[in-house]
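A.B. asks: Sending over a structure as structure tokens; questions will come in a sec.
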Number of protein chains: 2
Amino acid sequence: MTSESSIRVVLVDDHFQMHRIVQTILGATEDIKLVGQAANGQEGLNLCEQYQPDIVLMDVVMPVMGGIQATQVLHERYPDIKVLVLSSFQDHESVYAMLRNGAVGYLTKGTLAEDLAETIRATCQGKMVFSSDVGAQLVSPPQPSKDYHLTDRELEVLVHLAEGLSNQQTALKLSISTSTLKYHMNNIYEKLGVQTRSEALVLAAKNNMI
Amino acid sequence: MTSESSIRVVLVDDHFQMHRIVQTILGATEDIKLVGQAANGQEGLNLCEQYQPDIVLMDVVMPVMGGIQATQVLHERYPDIKVLVLSSFQDHESVYAMLRNGAVGYLTKGTLAEDLAETIRATCQGKMVFSSDVGAQLVSPPQPSKDYHLTDRELEVLVHLAEGLSNQQTALKLSISTSTLKYHMNNIYEKLGVQTRSEALVLAAKNNMI
DNA sequence: TCGATACCTGTCCAAATGGACAGGTATTTT
DNA sequence: AAAATACCTGTCCATTTGGACAGGTATCGA
């Protein structure tokens with residue numbers, strides 16, 4: 001953070017239109033100054049070296065050097081500079097690629113007008129900010145828990161086997177015969193689309209069924 | 001959104017201290033009003049029904065009804081009310097549980113003072129806001145978890161067995177004998193602290209080793 | 001050079017698993 | 001009443017597994 005009085009921002013985007021919009025928005029604020037504008041990642045890096053901004057508004061897809069690579073280099077070289085992504089894309093890959101490389105926020109361009117200044121201030125205070133459409137990407141990955149509509153009994157069987165119990169021990173615990181247990185197992189294999197006990201258990205574990 | 005002029009907030013937290021802090025912070029703002037305060041999820045739901053706030057500041061761990069369940073019900077019943085989590089916890093499970101149930105932001109209590117008002121405003125505008133320590137959880141999901149210091153070979157064995165291959169098939173694939181494979185398996189059992197193949201695979205799956 | 005580690009191999013045998021049958025009951029839906 | 005589900009049980013037999021040995025080599029660091 002170079003300045004106490006105002007937040008210094010560099011914009012890196014290859015669309016003329018974006019430059020206009022951001023200029024307009026930030027021109028109306030007292031505490032945020034647009035100190036540099038670049039049209040690709042390479043230029044952006046140069047500007048950052050020159051101006052040492054607090055915040056970089058970074059596009060993802062750009063000629064010469066894209067936002068993903070630029071963010072990576074920037075984050076390595078100047079860990080204090082915060083990268084806020086402005087992108088038309090909101091796919092899972094882009095979002096996570098940028099976040100992994102050090103971005104601390106991600107806005108889709110459509111939501112830009114909603115209040116870029118607020119977002120920049122929040123980002124400056126160490127918050128991570130996402131537009132709601134991007135947020136959907138953040139929440140979705142750990143919920144691939146498909147429903148294989150196993151019955152309660154089948155779930156019970158699976159849980160006990162996952163604990164390392166043998167067929168006999170499990171059967172005993174559920175008060176059924178090993179024949180019945182094998183019957184349940186076969187149904188489980190069928191429903192999960194697997195052929196072996198190992199596959200069934202791994203799949204169940206990965207889907208948080210056990 | 002019931003009001004144009006000011007943002008209406010309900011706080012749901014079982015710690016007296018938090019009520020004091022939030023009162024102080026929001027008491028100093030013109031555009032944000034703390035219209036209700038509850039000590040648990042159940043009370044929180046009642047207050048929301050009564051006041052229809054724009055934002056709910058929600059703790060996670062509370063008596064009677066926790067934040068996870070309360071958020072779920074709230075989101076179902078009043079989809080327009082935005083839940084912003086205030087929690088001491090920042091573990092992956094808590095964060096994702098809340099987000100899945102409809103929360104649109106997550107702040108750790110330690111970062112609260114940094115500017116709750118800004119965050120509330122950004123949230124109101126449809127942004128998702130996270131404190132930086134929580135953000136780490138969002139980016140990290142594919143963490144290899146604990147290190148059981150399995151050797152490369154042992155990992156290979158596990159991966160193939162997880163795919164449902166038999167000992168023989170796996171041995172063939174790795175160009176070793178089944179004897180060697182069993183040797184590896186025993187070492188794996190030892191290192192993972194388990195007794196059976198099933199346990200080993202489940203543990204490995206849950207720890208993203210395979 | 002010694003010890004530790006990872007890796008590899010074998011044999012013998014008991015136990016566990018799974019496939020292929022061939023039955024049964026209770027409940028719910030059509 | 002027939003069909004569909006979920007659930008239960010058995011037998012017979014091949015395959016798989018894992019335990020308990022008892023060996024081997026190559027590499028690396030003390």
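Every chain in the structure tokens takes a letter, A first, then B, and so on in the order presented; its residues are numbered from 1, and the ligands are numbered from 1 following the presented order.
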Could you please write out, as a PyMOL selection string, every residue of chain B that DSSP assigns to strand (DSSP E)?

C.D. replies: chain B and resi 7-12+32-38+55-58+82-87+103-108+127-131

A.B. asks: Residues within 12 Å of segment 12-26 of chain C, please, as JSON, numbers by chain. Count only C-alpha atoms (C1' of nucleotides); anything in the same chain fewer than 5 positions from it doesn't count.

C.D. replies: {"A": [165, 166, 167, 168, 169, 178, 179, 181, 182, 183, 185, 186, 189, 195, 196, 197, 198], "B": [166, 196, 197], "D": [5, 6, 7, 8, 9, 10, 11, 12, 13, 14, 15, 16, 17, 18, 19, 20, 21, 22]}

A.B. asks: Could you list, as a ChimeraX atom specification, the residues of chain B having an atom within 9 Å of chain C when counting only C-alpha atoms (C1' of nucleotides)?

C.D. replies: /B:151,153,176-177,179-180

A.B. asks: Using only C-alpha atoms (C1' of nucleotides), determine which residues lie at most 10 Å from Met128 of chain B, disregarding the query and same-chain residues fewer than 4 positions distant; provide the list as a PDB file with C-alpha atoms, in the first residue's frame.

C.D. replies:
```
ATOM      1  CA  GLY A 105     -11.816 -11.239  -6.115  1.00  0.00           C
ATOM      2  CA  TYR A 106     -13.727 -11.916  -9.302  1.00  0.00           C
ATOM      3  CA  LEU A 107     -16.435  -9.803 -10.898  1.00  0.00           C
ATOM      4  CA  LYS A 127     -11.872  -9.068   1.830  1.00  0.00           C
ATOM      5  CA  MET A 128     -12.417 -11.320  -1.129  1.00  0.00           C
ATOM      6  CA  VAL A 129     -15.340 -10.194  -3.242  1.00  0.00           C
ATOM      7  CA  PHE A 130     -17.215 -12.087  -5.909  1.00  0.00           C
ATOM      8  CA  SER A 131     -20.202 -11.227  -7.981  1.00  0.00           C
ATOM      9  CA  SER A 132     -23.050 -13.557  -7.208  1.00  0.00           C
ATOM     10  CA  ASP A 133     -22.879 -15.387 -10.528  1.00  0.00           C
ATOM     11  CA  VAL A 134     -19.253 -16.246  -9.831  1.00  0.00           C
ATOM     12  CA  GLY A 135     -20.135 -17.315  -6.323  1.00  0.00           C
ATOM     13  CA  ALA A 136     -22.220 -20.111  -7.777  1.00  0.00           C
TER      14      ALA A 136
ATOM     15  CA  LYS B  82     -29.155 -12.369   2.414  1.00  0.00           C
ATOM     16  CA  LEU B  84     -23.808 -13.089   5.929  1.00  0.00           C
ATOM     17  CA  ALA B 103     -25.183 -17.835   2.726  1.00  0.00           C
ATOM     18  CA  VAL B 104     -23.751 -15.122   0.464  1.00  0.00           C
ATOM     19  CA  GLY B 105     -20.724 -14.193   2.535  1.00  0.00           C
ATOM     20  CA  TYR B 106     -18.537 -15.381   5.365  1.00  0.00           C
ATOM     21  CA  THR B 119     -19.180  -5.544   3.568  1.00  0.00           C
ATOM     22  CA  ILE B 120     -22.867  -5.219   4.287  1.00  0.00           C
ATOM     23  CA  ALA B 122     -21.386  -4.863  -0.978  1.00  0.00           C
ATOM     24  CA  THR B 123     -23.481  -7.848   0.060  1.00  0.00           C
ATOM     25  CA  CYS B 124     -26.634  -5.851  -0.454  1.00  0.00           C
TER      26      CYS B 124
END
```

A.B. asks: When distances are computed from only C-alpha atoms (C1' of nucleotides), which of A:Glu154, A:Glu114, A:Glu163, A:Glu199 shows the smallest separation from chain D?

C.D. replies: A:Glu154

A.B. asks: State, in Å with one decimal place, the distance from atom CA of Leu86 of chain A to atom CA of Asp59 of chain A.

C.D. replies: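 The value is 5.1 Å.
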
A.B. asks: Mind the document's chain letters and residue numbers, and return as a tab-separated table (two decimals) with N, CA and C atoms, in the first residue's frame the residues of segment 22-205 of chain A that DSSP labels alpha helix (DSSP H).

C.D. replies:
```
chain	number	residue	atom	x	y	z
A	22	VAL	N	-14.57	2.11	-16.64
A	22	VAL	CA	-13.84	2.20	-15.37
A	22	VAL	C	-13.39	3.63	-15.11
A	23	GLN	N	-12.95	4.28	-16.15
A	23	GLN	CA	-12.59	5.70	-16.02
A	23	GLN	C	-13.75	6.51	-15.43
A	24	THR	N	-14.91	6.27	-15.99
A	24	THR	CA	-16.09	7.00	-15.54
A	24	THR	C	-16.41	6.72	-14.07
A	25	ILE	N	-16.42	5.44	-13.75
A	25	ILE	CA	-16.78	5.07	-12.37
A	25	ILE	C	-15.77	5.62	-11.38
A	26	LEU	N	-14.49	5.39	-11.65
A	26	LEU	CA	-13.48	5.78	-10.67
A	26	LEU	C	-13.19	7.28	-10.72
A	27	GLY	N	-13.57	7.91	-11.84
A	27	GLY	CA	-13.40	9.36	-11.91
A	27	GLY	C	-14.29	10.08	-10.93
A	41	GLY	N	-1.49	-8.29	-20.42
A	41	GLY	CA	-0.78	-8.65	-19.21
A	41	GLY	C	0.64	-8.11	-19.14
A	42	GLN	N	1.31	-8.14	-20.27
A	42	GLN	CA	2.69	-7.68	-20.30
A	42	GLN	C	2.78	-6.19	-19.95
A	43	GLU	N	1.98	-5.41	-20.63
A	43	GLU	CA	1.92	-3.98	-20.32
A	43	GLU	C	1.54	-3.76	-18.86
A	44	GLY	N	0.60	-4.57	-18.40
A	44	GLY	CA	0.14	-4.46	-17.02
A	44	GLY	C	1.27	-4.64	-16.03
A	45	LEU	N	2.12	-5.62	-16.29
A	45	LEU	CA	3.25	-5.87	-15.40
A	45	LEU	C	4.19	-4.67	-15.37
A	46	ASN	N	4.41	-4.11	-16.54
A	46	ASN	CA	5.29	-2.94	-16.61
A	46	ASN	C	4.72	-1.78	-15.80
A	47	LEU	N	3.43	-1.56	-15.97
A	47	LEU	CA	2.78	-0.46	-15.24
A	47	LEU	C	2.86	-0.68	-13.73
A	48	CYS	N	2.71	-1.95	-13.34
A	48	CYS	CA	2.74	-2.25	-11.91
A	48	CYS	C	4.12	-1.98	-11.32
A	49	GLU	N	5.12	-2.32	-12.10
A	49	GLU	CA	6.48	-2.08	-11.65
A	49	GLU	C	6.69	-0.57	-11.47
A	50	GLN	N	6.11	0.17	-12.40
A	50	GLN	CA	6.29	1.62	-12.42
A	50	GLN	C	5.50	2.31	-11.29
A	51	TYR	N	4.23	1.90	-11.14
A	51	TYR	CA	3.36	2.65	-10.25
A	51	TYR	C	3.12	1.99	-8.88
A	67	GLY	N	-4.57	-12.93	-18.47
A	67	GLY	CA	-4.69	-12.55	-17.08
A	67	GLY	C	-4.19	-13.61	-16.11
A	68	ILE	N	-4.32	-14.86	-16.48
A	68	ILE	CA	-3.90	-15.93	-15.58
A	68	ILE	C	-2.40	-15.87	-15.34
A	69	GLN	N	-1.67	-15.78	-16.43
A	69	GLN	CA	-0.21	-15.73	-16.31
A	69	GLN	C	0.23	-14.43	-15.65
A	70	ALA	N	-0.37	-13.35	-16.08
A	70	ALA	CA	0.00	-12.04	-15.52
A	70	ALA	C	-0.22	-12.01	-14.01
A	71	THR	N	-1.34	-12.58	-13.58
A	71	THR	CA	-1.64	-12.60	-12.15
A	71	THR	C	-0.61	-13.42	-11.39
A	72	GLN	N	-0.25	-14.54	-11.99
A	72	GLN	CA	0.74	-15.40	-11.35
A	72	GLN	C	2.06	-14.66	-11.13
A	73	VAL	N	2.54	-14.02	-12.20
A	73	VAL	CA	3.80	-13.29	-12.12
A	73	VAL	C	3.69	-12.14	-11.11
A	74	LEU	N	2.60	-11.42	-11.23
A	74	LEU	CA	2.37	-10.27	-10.37
A	74	LEU	C	2.38	-10.68	-8.90
A	75	HIS	N	1.69	-11.78	-8.62
A	75	HIS	CA	1.55	-12.23	-7.24
A	75	HIS	C	2.89	-12.69	-6.66
A	76	GLU	N	3.70	-13.24	-7.54
A	76	GLU	CA	5.04	-13.67	-7.13
A	76	GLU	C	5.92	-12.47	-6.83
A	77	ARG	N	5.86	-11.53	-7.76
A	77	ARG	CA	6.79	-10.41	-7.73
A	77	ARG	C	6.37	-9.35	-6.72
A	92	HIS	N	-15.95	-22.27	-14.21
A	92	HIS	CA	-15.24	-22.80	-13.06
A	92	HIS	C	-13.73	-22.75	-13.24
A	93	GLU	N	-13.28	-23.09	-14.43
A	93	GLU	CA	-11.83	-23.14	-14.69
A	93	GLU	C	-11.17	-21.77	-14.56
A	94	SER	N	-11.75	-20.79	-15.21
A	94	SER	CA	-11.19	-19.44	-15.16
A	94	SER	C	-11.15	-18.93	-13.73
A	95	VAL	N	-12.28	-19.09	-13.04
A	95	VAL	CA	-12.36	-18.57	-11.68
A	95	VAL	C	-11.28	-19.19	-10.81
A	96	TYR	N	-11.19	-20.50	-10.83
A	96	TYR	CA	-10.23	-21.15	-9.94
A	96	TYR	C	-8.78	-20.91	-10.37
A	97	ALA	N	-8.58	-20.82	-11.66
A	97	ALA	CA	-7.21	-20.54	-12.14
A	97	ALA	C	-6.75	-19.19	-11.61
A	98	MET	N	-7.60	-18.21	-11.68
A	98	MET	CA	-7.22	-16.89	-11.19
A	98	MET	C	-7.03	-16.90	-9.67
A	99	LEU	N	-7.93	-17.55	-8.96
A	99	LEU	CA	-7.82	-17.57	-7.50
A	99	LEU	C	-6.56	-18.30	-7.05
A	100	ARG	N	-6.28	-19.40	-7.71
A	100	ARG	CA	-5.07	-20.15	-7.37
A	100	ARG	C	-3.83	-19.30	-7.58
A	116	LEU	N	-18.43	-0.68	-8.34
A	116	LEU	CA	-17.03	-1.07	-8.38
A	116	LEU	C	-16.27	-0.44	-7.23
A	117	ALA	N	-16.62	0.79	-6.89
A	117	ALA	CA	-15.89	1.49	-5.84
A	117	ALA	C	-15.99	0.75	-4.50
A	118	GLU	N	-17.19	0.34	-4.13
A	118	GLU	CA	-17.39	-0.43	-2.90
A	118	GLU	C	-16.52	-1.67	-2.90
A	119	THR	N	-16.56	-2.34	-4.02
A	119	THR	CA	-15.82	-3.59	-4.13
A	119	THR	C	-14.32	-3.36	-3.97
A	120	ILE	N	-13.84	-2.31	-4.58
A	120	ILE	CA	-12.42	-2.00	-4.46
A	120	ILE	C	-12.05	-1.69	-3.02
A	121	ARG	N	-12.90	-0.95	-2.36
A	121	ARG	CA	-12.62	-0.62	-0.95
A	121	ARG	C	-12.59	-1.88	-0.10
A	122	ALA	N	-13.59	-2.73	-0.29
A	122	ALA	CA	-13.65	-3.97	0.49
A	122	ALA	C	-12.42	-4.83	0.21
A	123	THR	N	-12.04	-4.88	-1.04
A	123	THR	CA	-10.87	-5.67	-1.43
A	123	THR	C	-9.61	-5.13	-0.74
A	124	CYS	N	-9.53	-3.82	-0.70
A	124	CYS	CA	-8.39	-3.16	-0.09
A	124	CYS	C	-8.30	-3.51	1.40
A	132	SER	N	-22.28	-12.39	-7.64
A	132	SER	CA	-23.05	-13.56	-7.21
A	132	SER	C	-23.00	-14.69	-8.23
A	133	ASP	N	-22.92	-14.33	-9.53
A	133	ASP	CA	-22.88	-15.39	-10.53
A	133	ASP	C	-21.58	-16.19	-10.44
A	134	VAL	N	-20.51	-15.53	-10.03
A	134	VAL	CA	-19.25	-16.25	-9.83
A	134	VAL	C	-19.33	-17.11	-8.58
A	135	GLY	N	-20.01	-16.58	-7.57
A	135	GLY	CA	-20.14	-17.32	-6.32
A	135	GLY	C	-20.72	-18.70	-6.53
A	136	ALA	N	-21.62	-18.81	-7.49
A	136	ALA	CA	-22.22	-20.11	-7.78
A	136	ALA	C	-21.14	-21.14	-8.10
A	137	GLN	N	-20.11	-20.70	-8.79
A	137	GLN	CA	-19.00	-21.60	-9.15
A	137	GLN	C	-18.25	-22.06	-7.90
A	138	LEU	N	-18.16	-21.15	-6.93
A	138	LEU	CA	-17.41	-21.48	-5.72
A	138	LEU	C	-18.12	-22.55	-4.90
A	139	VAL	N	-19.42	-22.48	-4.92
A	139	VAL	CA	-20.18	-23.37	-4.05
A	139	VAL	C	-20.38	-24.73	-4.68
A	152	ASP	N	-32.13	-47.23	2.57
A	152	ASP	CA	-31.53	-47.06	3.89
A	152	ASP	C	-30.66	-48.25	4.25
A	153	ARG	N	-31.20	-49.42	3.93
A	153	ARG	CA	-30.48	-50.63	4.30
A	153	ARG	C	-29.15	-50.70	3.57
A	154	GLU	N	-29.18	-50.35	2.31
A	154	GLU	CA	-27.96	-50.38	1.51
A	154	GLU	C	-26.92	-49.41	2.06
A	155	LEU	N	-27.39	-48.25	2.48
A	155	LEU	CA	-26.49	-47.27	3.10
A	155	LEU	C	-25.86	-47.84	4.36
A	156	GLU	N	-26.68	-48.50	5.16
A	156	GLU	CA	-26.18	-49.09	6.40
A	156	GLU	C	-25.07	-50.09	6.09
A	157	VAL	N	-25.33	-50.91	5.12
A	157	VAL	CA	-24.35	-51.91	4.73
A	157	VAL	C	-23.04	-51.23	4.33
A	158	LEU	N	-23.17	-50.22	3.50
A	158	LEU	CA	-22.01	-49.51	3.00
A	158	LEU	C	-21.21	-48.89	4.14
A	159	VAL	N	-21.90	-48.28	5.04
A	159	VAL	CA	-21.24	-47.62	6.16
A	159	VAL	C	-20.42	-48.61	6.98
A	160	HIS	N	-21.03	-49.76	7.28
A	160	HIS	CA	-20.31	-50.73	8.10
A	160	HIS	C	-19.12	-51.32	7.37
A	161	LEU	N	-19.30	-51.58	6.10
A	161	LEU	CA	-18.17	-52.13	5.35
A	161	LEU	C	-17.03	-51.11	5.26
A	162	ALA	N	-17.41	-49.83	5.19
A	162	ALA	CA	-16.40	-48.78	5.12
A	162	ALA	C	-15.59	-48.72	6.40
A	167	ASN	N	-17.94	-59.05	5.82
A	167	ASN	CA	-19.34	-59.35	5.52
A	167	ASN	C	-20.03	-59.97	6.73
A	168	GLN	N	-19.34	-60.90	7.36
A	168	GLN	CA	-19.94	-61.59	8.50
A	168	GLN	C	-20.23	-60.63	9.65
A	169	GLN	N	-19.24	-59.82	9.97
A	169	GLN	CA	-19.43	-58.89	11.07
A	169	GLN	C	-20.57	-57.92	10.79
A	170	THR	N	-20.61	-57.45	9.54
A	170	THR	CA	-21.67	-56.52	9.17
A	170	THR	C	-23.04	-57.20	9.25
A	171	ALA	N	-23.10	-58.40	8.71
A	171	ALA	CA	-24.36	-59.15	8.73
A	171	ALA	C	-24.83	-59.32	10.17
A	172	LEU	N	-23.90	-59.68	11.04
A	172	LEU	CA	-24.22	-59.87	12.45
A	172	LEU	C	-24.79	-58.58	13.04
A	173	LYS	N	-24.11	-57.48	12.72
A	173	LYS	CA	-24.52	-56.18	13.28
A	173	LYS	C	-25.91	-55.78	12.80
A	174	LEU	N	-26.23	-56.14	11.57
A	174	LEU	CA	-27.54	-55.77	11.02
A	174	LEU	C	-28.58	-56.87	11.24
A	178	THR	N	-25.38	-63.55	5.88
A	178	THR	CA	-24.39	-63.10	4.91
A	178	THR	C	-24.96	-63.18	3.49
A	179	SER	N	-25.90	-64.06	3.29
A	179	SER	CA	-26.54	-64.13	1.98
A	179	SER	C	-27.24	-62.82	1.66
A	180	THR	N	-27.99	-62.36	2.64
A	180	THR	CA	-28.71	-61.11	2.44
A	180	THR	C	-27.73	-59.97	2.22
A	181	LEU	N	-26.64	-60.03	2.98
A	181	LEU	CA	-25.65	-58.98	2.83
A	181	LEU	C	-25.10	-58.95	1.41
A	182	LYS	N	-24.83	-60.13	0.91
A	182	LYS	CA	-24.32	-60.17	-0.46
A	182	LYS	C	-25.37	-59.68	-1.48
A	183	TYR	N	-26.61	-59.99	-1.15
A	183	TYR	CA	-27.69	-59.49	-1.99
A	183	TYR	C	-27.68	-57.97	-2.02
A	184	HIS	N	-27.55	-57.37	-0.86
A	184	HIS	CA	-27.49	-55.90	-0.79
A	184	HIS	C	-26.28	-55.37	-1.56
A	185	MET	N	-25.16	-56.03	-1.37
A	185	MET	CA	-23.96	-55.58	-2.06
A	185	MET	C	-24.15	-55.56	-3.57
A	186	ASN	N	-24.74	-56.60	-4.07
A	186	ASN	CA	-24.96	-56.66	-5.51
A	186	ASN	C	-25.87	-55.53	-5.99
A	187	ASN	N	-26.87	-55.23	-5.19
A	187	ASN	CA	-27.74	-54.12	-5.55
A	187	ASN	C	-26.97	-52.80	-5.54
A	188	ILE	N	-26.10	-52.67	-4.54
A	188	ILE	CA	-25.29	-51.45	-4.45
A	188	ILE	C	-24.39	-51.33	-5.67
A	189	TYR	N	-23.74	-52.42	-6.03
A	189	TYR	CA	-22.87	-52.39	-7.21
A	189	TYR	C	-23.67	-51.92	-8.43
A	190	GLU	N	-24.84	-52.50	-8.54
A	190	GLU	CA	-25.70	-52.18	-9.67
A	190	GLU	C	-26.02	-50.69	-9.69
A	191	LYS	N	-26.47	-50.19	-8.55
A	191	LYS	CA	-26.91	-48.79	-8.49
A	191	LYS	C	-25.75	-47.81	-8.68
A	192	LEU	N	-24.59	-48.17	-8.16
A	192	LEU	CA	-23.45	-47.26	-8.29
A	192	LEU	C	-22.75	-47.43	-9.64
A	197	ARG	N	-16.25	-54.18	-4.74
A	197	ARG	CA	-16.41	-53.58	-3.43
A	197	ARG	C	-15.53	-52.35	-3.29
A	198	SER	N	-14.31	-52.47	-3.77
A	198	SER	CA	-13.38	-51.35	-3.67
A	198	SER	C	-13.92	-50.11	-4.37
A	199	GLU	N	-14.37	-50.28	-5.59
A	199	GLU	CA	-14.92	-49.15	-6.33
A	199	GLU	C	-16.10	-48.54	-5.61
A	200	ALA	N	-16.97	-49.42	-5.10
A	200	ALA	CA	-18.17	-48.93	-4.42
A	200	ALA	C	-17.79	-48.07	-3.22
A	201	LEU	N	-16.84	-48.55	-2.44
A	201	LEU	CA	-16.45	-47.81	-1.23
A	201	LEU	C	-15.78	-46.49	-1.58
A	202	VAL	N	-14.92	-46.51	-2.59
A	202	VAL	CA	-14.23	-45.28	-2.99
A	202	VAL	C	-15.25	-44.26	-3.49
A	203	LEU	N	-16.17	-44.72	-4.33
A	203	LEU	CA	-17.19	-43.83	-4.86
A	203	LEU	C	-18.04	-43.25	-3.74
A	204	ALA	N	-18.43	-44.11	-2.83
A	204	ALA	CA	-19.26	-43.67	-1.71
A	204	ALA	C	-18.50	-42.66	-0.85
A	205	ALA	N	-17.24	-42.93	-0.62
A	205	ALA	CA	-16.43	-42.02	0.20
A	205	ALA	C	-16.28	-40.67	-0.47
```

A.B. asks: What gap, in Å, lies between atom CA of Asp54 of chain A and atom CA of Arg20 of chain A?

C.D. replies: 20.5 Å

A.B. asks: Could you check how far atom CA of Ile55 of chain B sits from atom CA of Asn40 of chain B, in Å to one decimal?

C.D. replies: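 Separation of atom CA of Ile55 of chain B and atom CA of Asn40 of chain B: 15.9 Å.
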
A.B. asks: Determine the nearest neighbour of Pro63 of chain B from the options B:Leu34, B:Val9, B:Ala39, B:Met18, counting only C-alpha atoms.

C.D. replies: B:Ala39
